[in-house]
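The structure under discussion appears below in the form of structure tokens.
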Amino acid sequence: MPFIPHTEKDVADMLARVGVDNISQLFEEIPPALRIAGLSGIAPALSEAEISRLMQTRARADGEPLCFLGAGAYDHYVPAAVWDIATRGEFYSAYTPYQAEASQGTLQVVYEFQTMLASLTGLDVSNASLYDGATAFAEACLMAVRANRANKSRRILVPRLLSPVFRDVARGILSGQKVELVELPMLDGQTDMAALASMAGQPCAAVAIQNPTFLGSLDKVDELTDWAHAQGALVIAVTNPTSLALLKAPGQWGQTGADIACGEGQPLGVPMSSGGPYFGFMVCRQALVRQMPGRIVGRTVDREDKPGFTLTLQAREQHIRRSRATSNICTNQGLIATAATIYMSLLGSAGLREVAVSCNANTHALVEALTAIPGVTRLFAAPFFHEAVLQLDRPVAGVLAALSAQGILGGYDLSADYPELGDAVLVCATETRGAADIARYAAELAKLLGAKA
Amino acid sequence: MSKILDNLMYTNDHEWLSLNDDGSVTVGISDHAQGALGELVFVEVPNVGDSFAAGDACAVVESVKAASDIYCPVAGTVVAVNAALADAPELVNSSPYENGWVFRLQPDDTGVLDELLDAEAYRELLADLED
């Protein structure tokens, strides 16, 4: 869908047609007291050349470090074709188009995206994507509160093992909606089942389960799912899509499967780009679809029985249901989700599985190499996917700074988010970190720790 | 002109009520309302046992391009819902006053039923709307 800006003449013609002199007249009914004259803290506009120079300087400051940092965004190989195709004029928009059905190609890509996410998560219906993983989780919490009609609770049990960023964002979004997040303690990298059992009988709308957890470990998803359902709570699965090529899909957790799955889509072909833009995904069981936020593309036939794609179930959305819509989300991360769709179709299920297998193997090799160094131990016994927690014999911040000076991003310092773990660092090796990279990290770390603490 | 049954009570929001022998009332939407919404694709009914104040949104009727709340006409507790609407929301279109009923309510106070519109008053309301 091409972007065609209005010329000055177009604007003048339209104003003349509606009978006003200028655009600001259209807003006259808004009282002056409610208008903002200017925004403070916003720098003056820069030209394209200036902004491009600024961004290049910033990008150079990042350097090209050897990255063993995960903690929510992952350094995967992105095939060159992904962004070559995604940035074609036909796709190059952040949005689902207005007059959507005129853009059958765009709708078909979204439909394929939804189909891929539904198949990865083992659930029935996906939306067209959300802003990012953290807001997708907050939306999933709101959705669970709406959907759990048997149980009017506004409490959601959220593991301490859930990403601290997800927890913060969700708290920010949910506090105004009077939804309470109750923390589930952890024990040795998994949810503390004894603590969980002590919460039985207290109504809650949903239980969130992240798998792999923020700390990389695999949680007891079957037990947790069955416990939640026995309590009359829905299950919100938070998951990493890459891991689903290897792990049991949320739709198969426990006796009846998770009810909603959501997460960060960045691992699917999206560069780390200093934190965004990424996209969130959300998938659910068919029975809950009317409570799902966001756009949904469906396949249908036209009056001549030819297949076509259409936005469907729109009565959930705010342009129709106004203040009682399921969410104020009326858009999606169209461009980024398109890139993810292309990434998944280029890799195929076998390719995605190879990525997952080699992430898992490389991280095991990394943990083995690093824990061979005196002063480094692995913290949890629970199995892990592509991240693991290591304990050092000294504060992590200094070690990471020294590694960084050697061009190595050594991992994520957990001391602020998880002070109870002591001097702990979360490390990750994706399929892009080979044996030589791991050997280099191990050699630098050994050198550092061998020096006097 | 939409169909209006003489033996029913109506509200300004185009719902109808009929008083049952056990003191409960059956609630649905009028023929005019179903016609205005167009073909229904989904009806969200309340839970049996839910209590509502008069005017609370307690159910939703959804057509392809619109979703409208059904407001609880009088305060009370839901005693039954029309389960058939889950698979056949179009019953509201084809039979708004019979098979398309939405829920049955036990009113807290049956006295307030006198305040509802009778068929004649509802006919006038529609005549004003259609003017």
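The way I read the labels, and the way they are meant: chains A, B, ... in the order of the structure tokens, residue 1 as the first residue of every chain, and ligand 1 as the first ligand shown, with later ones counted on from there.
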Counting only C-alpha atoms, which residues of region 144-172 of chain A sit at most 6 Å from some atom of region 213-227 of chain A, and what is each one's closest atom pair with its distance in Å to one decimal, listed by chain and rising residue number, as JSON lines?
{"residue": "A:Leu161", "atom": "CA", "partner": "A:Thr213", "partner_atom": "CA", "distance": 5.6}
{"residue": "A:Leu162", "atom": "CA", "partner": "A:Phe214", "partner_atom": "CA", "distance": 5.5}
{"residue": "A:Ser163", "atom": "CA", "partner": "A:Phe214", "partner_atom": "CA", "distance": 5.0}
Could you write out that same residue set with N, CA and C atoms as a short mmCIF file (atom, residue, chain, number, x, y, z; two decimals), in the first residue's frame?
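Contents of selection24.cif, as written:
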data_model
loop_
_atom_site.label_atom_id
_atom_site.label_comp_id
_atom_site.auth_asym_id
_atom_site.auth_seq_id
_atom_site.Cartn_x
_atom_site.Cartn_y
_atom_site.Cartn_z
N LEU A 161 10.05 -15.71 38.83
CA LEU A 161 10.87 -16.12 37.69
C LEU A 161 10.44 -15.46 36.38
N LEU A 162 9.36 -14.68 36.44
CA LEU A 162 8.94 -13.95 35.23
C LEU A 162 9.85 -12.73 35.06
N SER A 163 10.15 -12.39 33.82
CA SER A 163 10.99 -11.24 33.51
C SER A 163 10.63 -10.03 34.37
#
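The chain A residues that come within 9 Å of chain B are Arg149, Ala150, Thr312, Leu313, Gln314, Ala315, Arg316, Ile320 and Arg321 of chain A, with only C-alpha atoms taken into account.
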Please produce a file of the residues just selected, as a CSV table (one decimal), in the first residue's frame, where the atoms kept are C-alpha atoms.
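Once everything was written out, this is again-v1.csv:
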chain,number,residue,atom,x,y,z
A,149,ARG,CA,-16.2,-15.3,34.4
A,150,ALA,CA,-16.6,-18.2,36.8
A,312,THR,CA,-12.6,-10.4,11.7
A,313,LEU,CA,-14.3,-10.3,15.1
A,314,GLN,CA,-14.0,-6.5,15.1
A,315,ALA,CA,-16.8,-5.9,17.5
A,316,ARG,CA,-14.2,-6.5,20.3
A,320,ILE,CA,-16.9,-0.3,17.4
A,321,ARG,CA,-17.2,-1.0,21.1
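Take CA of Thr430 (chain A) and CA of Arg60 (chain A): the distance between them is 23.1 Å.
Among the candidates B:Glu39, B:Tyr71, B:Val102, B:Ala80, the residue lying nearest to His14 (chain B) is B:Tyr71 (atoms considered: only C-alpha atoms).
For Pro374 (chain A), the residues within 8 Å (counting only C-alpha atoms, excluding itself and residues fewer than 3 positions away along the chain) are Thr371, Ala446 and Leu449 of chain A.
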Hey, can you spit out that residue selection with C-alpha atoms as a PDB file, in the first residue's frame?
ATOM      1  CA  THR A 371      32.260 -23.394  35.315  1.00  0.00           C
ATOM      2  CA  ALA A 446      39.847 -17.065  33.546  1.00  0.00           C
ATOM      3  CA  LEU A 449      39.310 -14.169  37.892  1.00  0.00           C
TER       4      LEU A 449
END
Figure out the distance between CA of Gln291 (chain A) and CA of Pro185 (chain A), please, to one decimal in Å.
29.1 Å
With a distance cut-off of 8 Å and only C-alpha atoms, select the neighbouring residues of Gly38 (chain B), excluding the residue or stretch itself and same-chain residues fewer than 2 positions from it, and output the selection as an MDAnalysis selection string.
chainID B and resid 34:36 40 63:64 93
Which of region 18-71 of chain B DSSP labels alpha helix (DSSP H), written as a PyMOL selection string:
chain B and resi 31-37
With C-alpha atoms retained, write the just-selected residues as a PDB file, in the first residue's frame.
ATOM      1  CA  ASP B  31     -38.022  -6.858  17.010  1.00  0.00           C
ATOM      2  CA  HIS B  32     -37.075  -3.234  16.325  1.00  0.00           C
ATOM      3  CA  ALA B  33     -33.736  -3.711  18.131  1.00  0.00           C
ATOM      4  CA  GLN B  34     -32.820  -6.894  16.279  1.00  0.00           C
ATOM      5  CA  GLY B  35     -33.709  -5.240  12.978  1.00  0.00           C
ATOM      6  CA  ALA B  36     -31.539  -2.220  13.749  1.00  0.00           C
ATOM      7  CA  LEU B  37     -28.545  -4.387  14.722  1.00  0.00           C
TER       8      LEU B  37
END
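The shell of residues at most 9 Å from region 110-112 of chain B, with only C-alpha atoms counted and near chain neighbours (fewer than 6 positions) removed, consists of Gly23, Ser24, Val74 and Ala75 of chain B.
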Dump C-alpha atoms for the selected residues as an mmCIF file, in the first residue's frame?
data_model
loop_
_atom_site.group_PDB
_atom_site.id
_atom_site.type_symbol
_atom_site.label_atom_id
_atom_site.label_comp_id
_atom_site.auth_asym_id
_atom_site.auth_seq_id
_atom_site.Cartn_x
_atom_site.Cartn_y
_atom_site.Cartn_z
ATOM 1 C CA GLY B 23 -42.500 -14.256 39.646
ATOM 2 C CA SER B 24 -39.386 -14.240 37.445
ATOM 3 C CA VAL B 74 -34.924 -4.053 36.748
ATOM 4 C CA ALA B 75 -32.679 -4.979 39.680
#
Could you find all residues in region 155-302 of chain A that DSSP calls strand (DSSP E or B) from the backbone, and write them as number ranges by chain?
A: 155-159, 180-184, 186-187, 190-191, 206-211, 217, 234-239, 260-264, 280-284, 297-301
Take the selection from the previous step and output its residues with N, CA and C atoms, as a compact mmCIF listing (two decimals), in the first residue's frame.
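Written file, result30.txt:
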# COMPACT_ATOMS: atom_id res chain seq x y z
N ARG A 155 -7.04 -10.98 41.00
CA ARG A 155 -5.66 -11.31 41.39
C ARG A 155 -5.05 -12.22 40.33
N ILE A 156 -3.77 -12.00 40.07
CA ILE A 156 -3.05 -12.88 39.15
C ILE A 156 -1.76 -13.30 39.83
N LEU A 157 -1.50 -14.61 39.87
CA LEU A 157 -0.26 -15.09 40.47
C LEU A 157 0.84 -15.02 39.41
N VAL A 158 1.91 -14.34 39.78
CA VAL A 158 3.00 -14.07 38.83
C VAL A 158 4.31 -14.54 39.44
N PRO A 159 4.99 -15.47 38.77
CA PRO A 159 6.21 -16.00 39.36
C PRO A 159 7.33 -14.95 39.45
N GLU A 180 -4.47 -7.06 40.70
CA GLU A 180 -3.37 -7.21 41.65
C GLU A 180 -2.46 -8.36 41.21
N LEU A 181 -1.15 -8.10 41.16
CA LEU A 181 -0.20 -9.16 40.82
C LEU A 181 0.42 -9.68 42.12
N VAL A 182 0.27 -10.97 42.35
CA VAL A 182 0.79 -11.58 43.57
C VAL A 182 1.99 -12.43 43.21
N GLU A 183 3.11 -12.21 43.89
CA GLU A 183 4.34 -12.90 43.49
C GLU A 183 4.41 -14.34 44.00
N LEU A 184 4.78 -15.24 43.09
CA LEU A 184 5.01 -16.65 43.44
C LEU A 184 6.51 -16.83 43.66
N MET A 186 10.34 -18.42 44.20
CA MET A 186 11.06 -19.45 43.45
C MET A 186 11.99 -20.23 44.38
N LEU A 187 12.32 -21.42 43.91
CA LEU A 187 13.21 -22.28 44.69
C LEU A 187 14.09 -23.01 43.68
N GLN A 190 13.12 -22.82 39.96
CA GLN A 190 11.77 -23.20 39.54
C GLN A 190 10.76 -22.61 40.52
N THR A 191 9.50 -22.61 40.16
CA THR A 191 8.48 -22.09 41.07
C THR A 191 8.46 -22.97 42.33
N ALA A 206 -5.96 -15.86 37.24
CA ALA A 206 -5.02 -16.57 36.38
C ALA A 206 -3.70 -16.77 37.09
N VAL A 207 -2.96 -17.76 36.59
CA VAL A 207 -1.59 -18.01 37.04
C VAL A 207 -0.70 -17.83 35.81
N ALA A 208 0.32 -16.99 35.93
CA ALA A 208 1.28 -16.81 34.84
C ALA A 208 2.41 -17.83 35.02
N ILE A 209 2.86 -18.38 33.91
CA ILE A 209 3.99 -19.32 33.94
C ILE A 209 4.93 -18.92 32.82
N GLN A 210 6.17 -18.58 33.14
CA GLN A 210 7.13 -18.30 32.07
C GLN A 210 8.01 -19.53 31.88
N ASN A 211 8.11 -19.96 30.63
CA ASN A 211 8.94 -21.11 30.32
C ASN A 211 9.52 -20.98 28.92
N SER A 217 15.90 -21.31 33.15
CA SER A 217 15.55 -22.67 33.57
C SER A 217 14.17 -23.07 33.03
N LEU A 234 -7.22 -19.38 35.11
CA LEU A 234 -6.71 -19.59 33.75
C LEU A 234 -5.17 -19.62 33.80
N VAL A 235 -4.56 -20.15 32.76
CA VAL A 235 -3.09 -20.20 32.69
C VAL A 235 -2.61 -19.28 31.57
N ILE A 236 -1.74 -18.33 31.93
CA ILE A 236 -1.11 -17.46 30.95
C ILE A 236 0.33 -17.97 30.77
N ALA A 237 0.63 -18.51 29.61
CA ALA A 237 1.99 -18.97 29.33
C ALA A 237 2.78 -17.81 28.73
N VAL A 238 3.96 -17.56 29.28
CA VAL A 238 4.86 -16.57 28.68
C VAL A 238 6.03 -17.39 28.15
N THR A 239 6.32 -17.24 26.87
CA THR A 239 7.29 -18.16 26.31
C THR A 239 8.15 -17.50 25.24
N ILE A 260 -3.87 -19.04 27.47
CA ILE A 260 -3.37 -17.90 26.70
C ILE A 260 -1.85 -18.06 26.65
N ALA A 261 -1.24 -17.81 25.50
CA ALA A 261 0.23 -17.76 25.43
C ALA A 261 0.62 -16.40 24.89
N CYS A 262 1.68 -15.83 25.44
CA CYS A 262 2.15 -14.55 24.94
C CYS A 262 3.66 -14.47 25.11
N GLY A 263 4.25 -13.46 24.56
CA GLY A 263 5.69 -13.32 24.73
C GLY A 263 6.28 -12.31 23.77
N GLU A 264 7.61 -12.23 23.82
CA GLU A 264 8.37 -11.32 23.01
C GLU A 264 8.74 -12.01 21.70
N GLY A 280 5.08 -8.05 20.20
CA GLY A 280 4.53 -9.03 21.13
C GLY A 280 3.60 -9.96 20.39
N PHE A 281 3.48 -11.19 20.88
CA PHE A 281 2.49 -12.08 20.28
C PHE A 281 1.51 -12.54 21.36
N MET A 282 0.34 -12.92 20.92
CA MET A 282 -0.67 -13.43 21.84
C MET A 282 -1.55 -14.44 21.12
N VAL A 283 -1.72 -15.59 21.75
CA VAL A 283 -2.46 -16.69 21.14
C VAL A 283 -3.35 -17.26 22.24
N CYS A 284 -4.54 -17.76 21.87
CA CYS A 284 -5.41 -18.30 22.92
C CYS A 284 -6.27 -19.44 22.40
N VAL A 297 -6.97 -11.38 11.64
CA VAL A 297 -7.29 -11.57 10.23
C VAL A 297 -7.87 -12.97 10.05
N GLY A 298 -8.96 -13.05 9.33
CA GLY A 298 -9.59 -14.34 9.06
C GLY A 298 -9.60 -14.62 7.57
N ARG A 299 -9.77 -15.90 7.22
CA ARG A 299 -9.88 -16.26 5.81
C ARG A 299 -11.34 -16.56 5.50
N THR A 300 -11.79 -16.11 4.37
CA THR A 300 -13.20 -16.32 4.03
C THR A 300 -13.31 -16.48 2.51
N VAL A 301 -14.53 -16.46 1.99
CA VAL A 301 -14.71 -16.46 0.53
C VAL A 301 -15.57 -15.26 0.16
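With only C-alpha atoms as the atoms that count, the minimum distance from Arg146 (chain A) to the choices A:Thr326, A:Ala49, A:Ala118, A:Gln231 is reached by A:Thr326.
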